[in-house]
Amino acid sequence: NFCSERRDTLKPQAALDAPRLIGSLTLPADAIAVDLAGDVAYVAADGAGFEVVDFAPPGGGTTTTALPGLGSAVHVAVDGSVLSAALAGDNRFALVDRSTTPAFPILSELKRSGTLQGLTAAGGRVYAYERDATGVGSLTVIDASDPRSPTRAGTLVTRSGAPTAAGVADGGCLVSIWARSALVTFDVRDDARPVEAASVTEAGWDLANVAVDK
């Protein structure tokens, strides 16, 4: 669990393999964020809402539009049968039953006080990154074990700026990119008391996204 790593031992690692393109699909709007569940990709496609892309088999892809009419989609996270969908403009996100297709019924909605900067989800928890009017970022843990009645479990006010991307690792550890220049980990094993565990930055970094290989 690299959330427990010392700050001076959290270092970038070289890629093991060179990535290669095996397929692509044109969407009706910009793909802002994406999360995967098996062979299905859930894409926050800005003004087009959410696009559900089936990549089985790889190399091509078919797409359907989910949740039309809810405004611009800016963040998305999948946890089991629940899709967390962040919507631009009014700082809210919806919990959606992704197992009921093509209806994708909304189970609940939450309004946030700050500007949502990112979402990730795991183990019945949704982790929401926000930025307030003064530019200070925070991490909020949402208990979504009952997706029809989510509740706030804890909040950590962190640092200036806000994350541009986030991922979940095993053992209650979050990984995020902060202000495009730092890789930051958070220990969220205690819902009520999330804490920053470690951070690393390198000269010249301009980071845009992060993924965790469990």
# chains A, B, ... in the order shown; residues from 1 in each chain; ligands from 1

$ select_by_dssp --residues "stretch 7-199 of chain A" --states "strand (DSSP E)" --output "NGL selection string"
:A and (33-37 or 40-44 or 50-54 or 62-66 or 73-79 or 82-87 or 92-97 or 106-111 or 115-122 or 125-131 or 136-143 or 151-160 or 163-169 or 173-178 or 182-187 or 195-199)

$ residues_around --residues "A:Gln117" --least-positions-apart "4" --cutoff "12 Å" --atoms "only C-alpha atoms" --output "NGL selection string"
:A and (32-33 or 74-76 or 86-88 or 91-93 or 112 or 127-132 or 135-140 or 161-166 or 176-179)

$ closest_residue --among "A:Leu119, A:Ala31, A:Val200, A:Ala192" --to "A:Leu174" --atoms "only C-alpha atoms"
A:Leu119

$ atom_distance --atom1 "atom CA of A:Arg189" --atom2 "atom CA of A:Gly124"
12.7 Å

$ closest_residue --among "A:Thr64, A:Ser72, A:Ser99, A:Thr155" --to "A:Ala37" --atoms "only C-alpha atoms"
A:Ser99

$ closest_residue --among "A:Leu110, A:Val184, A:Ala208, A:Val175" --to "A:Ser149" --atoms "only C-alpha atoms"
A:Leu110

$ atom_distance --atom1 "atom CA of A:Gly49" --atom2 "atom CA of A:Ala133"
25.9 Å

$ closest_residue --among "A:Leu116, A:Leu207, A:Ala144, A:Val34" --to "A:Ser81" --atoms "only C-alpha atoms"
A:Ala144
